[in-house]
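I have placed the structure first, in the form of structure tokens, so that the comments after it can refer back to it.
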Amino acid sequence: MDGESGENPTLFPEKVGEKLRDARLAQGLELSDIAARTRVPLRHLQAIENSDYSGLPSPTYAIGFVKAYARAVGADEVALARELRTETEGLFAAREVYESYDPQDPVREPPRGLAWAGAVIAALLLVAVGVWYGTDLFRSAGSEPEPTPTETPATPEAPAEPSPAPVPANGGQVTLTATQPVWLRIYDASGTRLFEKEMAAGERYDVPPGANGPMINLGRPEAIRVTINGSDVAPLGPAGRAIKDVPISAEALRARGTANAGTTPQPGATATPAAVPAFQPAFDPEPAGNATFP
């Protein structure tokens, strides 16, 4: 008979916390696992399992934590929330304390004398600040030292830059500098190849001074800057037109510059870029693959 009374669920109904604990244990989970899944503090989960909701501030928190716990163990959160409202109905209702408010109570204001004293002190502070910064009444005339004149240091004269050495009439170092990627080929009068590649922007090549009549094949003359001993000379040809068999010795380049300036060419000077047979429309400036000029 005693066992029958213990098995009757209506006499001792299972509480919400006990149902959640049984569901957790059935899945082999620790309470810390539930805390990690729900982000509910461990102390609140322990209070829920013990049906002790005194540490929770309101029924809203309790219901929210129970729903999160139920989702974590796969229980019916709606049914458990309904049971929790019934279970804690008297607990949270007893906490509600209402303070009476009497509209006739006077508003708390500082004493009138204290307010007047604060206003007077503020006015005196403003007057003191104005007198201190606006007049010299409290500052002695000799307290501030007179500024001493400072001598302006003499600016050292910049050393005179050495004048560039004059370029000799004959000879000189010819340098080709690529201003953008460009392919070119340099060879001498006997057909010996001196230099052939695609130069990168900023790359330079010094033509051997003793080369025998060096000449150049170039796809884009505007991509090459030509200098003799560091001094710029006239371009090798017009922009956008390939050139071929153009002499690039120092003597030929000087003669080219003289001819472009409208003066009488020096002996041995080549024709201007417009008359040089280098401007052949059929010339391919950048051969494909390993093709070379004949």
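If you're wondering about the labels, chains in the structure tokens are A, B, ... by order shown, residues count from 1 in each chain, ligands from 1 in order shown.
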
Spatial neighbours of region 34-38 of chain A, 7 Å, only C-alpha atoms, chain gap at least 3 places, as a list of chain:residue names: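 The contact residues come out as A:Glu30, A:Leu31, A:Pro41, A:Leu42, A:Ala68, A:Tyr69, A:Ala72.
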
Find the residues around Ala200 (chain A) up to 10 Å (only C-alpha atoms counted), leave out those fewer than 4 positions away in its own chain, and share them as an MDAnalysis selection string. chainID A and resid 177:183 204

So that I have them on file, write out the residues from the current selection with C-alpha atoms, as a compact mmCIF listing (two decimals), in the first residue's frame.
# COMPACT_ATOMS: atom_id res chain seq x y z
CA THR A 177 67.93 53.72 -70.53
CA ALA A 178 64.48 52.14 -70.86
CA THR A 179 61.64 54.33 -69.62
CA GLN A 180 59.18 51.46 -70.14
CA PRO A 181 59.42 47.79 -71.15
CA VAL A 182 60.80 47.62 -74.70
CA TRP A 183 62.62 45.13 -76.95
CA ARG A 204 70.20 50.67 -68.83

Long-range neighbours of Ile216 (chain A) as a PyMOL selection string, 6 Å cut-off, only C-alpha atoms, 2 positions minimum in chain: chain A and resi 185-186+245-246

Output C-alpha atoms of each residue in that selection to a file, as a PDB file, in the first residue's frame.
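See selection32.pdb below for the written result:
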ATOM      1  CA  ARG A 185      68.766  44.703 -80.636  1.00  0.00           C
ATOM      2  CA  ILE A 186      72.256  46.264 -80.940  1.00  0.00           C
ATOM      3  CA  ASP A 245      69.924  50.020 -88.673  1.00  0.00           C
ATOM      4  CA  VAL A 246      70.149  53.396 -86.877  1.00  0.00           C
TER       5      VAL A 246
END

May I have the residues within 12 Å of Gly191 (chain A) as a list in words, using only C-alpha atoms and disregarding those fewer than 3 positions away in the same chain? Arg185, Ile186, Tyr187, Asp188, Leu194, Phe195, Ala211, Asn212, Gly213, Pro214, Met215, Ile216, Asp245, Phe293 and Pro294 of chain A

C-alpha atoms of the current selection, written as a PDB file, in the first residue's frame:
ATOM      1  CA  ARG A 185      68.766  44.703 -80.636  1.00  0.00           C
ATOM      2  CA  ILE A 186      72.256  46.264 -80.940  1.00  0.00           C
ATOM      3  CA  TYR A 187      74.948  45.051 -83.361  1.00  0.00           C
ATOM      4  CA  ASP A 188      78.066  46.431 -85.040  1.00  0.00           C
ATOM      5  CA  LEU A 194      76.240  43.168 -79.049  1.00  0.00           C
ATOM      6  CA  PHE A 195      72.988  43.199 -77.093  1.00  0.00           C
ATOM      7  CA  ALA A 211      82.351  49.152 -80.938  1.00  0.00           C
ATOM      8  CA  ASN A 212      82.684  49.197 -84.738  1.00  0.00           C
ATOM      9  CA  GLY A 213      79.797  51.335 -85.952  1.00  0.00           C
ATOM     10  CA  PRO A 214      77.139  50.177 -83.473  1.00  0.00           C
ATOM     11  CA  MET A 215      73.547  50.240 -84.746  1.00  0.00           C
ATOM     12  CA  ILE A 216      70.143  49.518 -83.229  1.00  0.00           C
ATOM     13  CA  ASP A 245      69.924  50.020 -88.673  1.00  0.00           C
ATOM     14  CA  PHE A 293      66.457  39.888 -87.385  1.00  0.00           C
ATOM     15  CA  PRO A 294      68.196  38.695 -90.513  1.00  0.00           C
TER      16      PRO A 294
END

Just the residues within 12 Å of Leu91 (chain A), please, counting only C-alpha atoms, with nothing from its chain fewer than 4 positions along; format it as JSON, numbers by chain. {"A": [51, 52, 53, 54, 55, 56, 57, 58, 59, 62, 84, 85, 86, 87, 95, 96]}

Taking only C-alpha atoms into account, name the residue in A:Ala117, A:Ala23, A:Leu29, A:Val16 that is nearest to Gly74 (chain A).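 Looking only at the distances to Gly74 (chain A), the closest residue turns out to be A:Ala23.
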
Find, counting only C-alpha atoms, the residue in A:Leu176, A:Leu25, A:Ala115, A:Val73 that gets nearest to Gly230 (chain A).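 The closest residue to Gly230 (chain A) is A:Leu176.
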
In terms of only C-alpha atoms, the residue from A:Ile48, A:Ser249, A:Val78, A:Ser231 at minimal distance from Ala189 (chain A) is A:Ser249

Would you please work out which residue, of A:Leu80, A:Leu184, A:Val174, A:Ala239, is nearest to Val226 (chain A) when using only C-alpha atoms?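 Looking only at the distances to Val226 (chain A), the closest residue turns out to be A:Val174.
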
Calculated over only C-alpha atoms, which of the candidates A:Phe65, A:Trp132, A:Tyr205, A:Trp116 has the smallest distance to Gly17 (chain A)?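 Using only C-alpha atoms, Gly17 (chain A) sits closest to A:Phe65.
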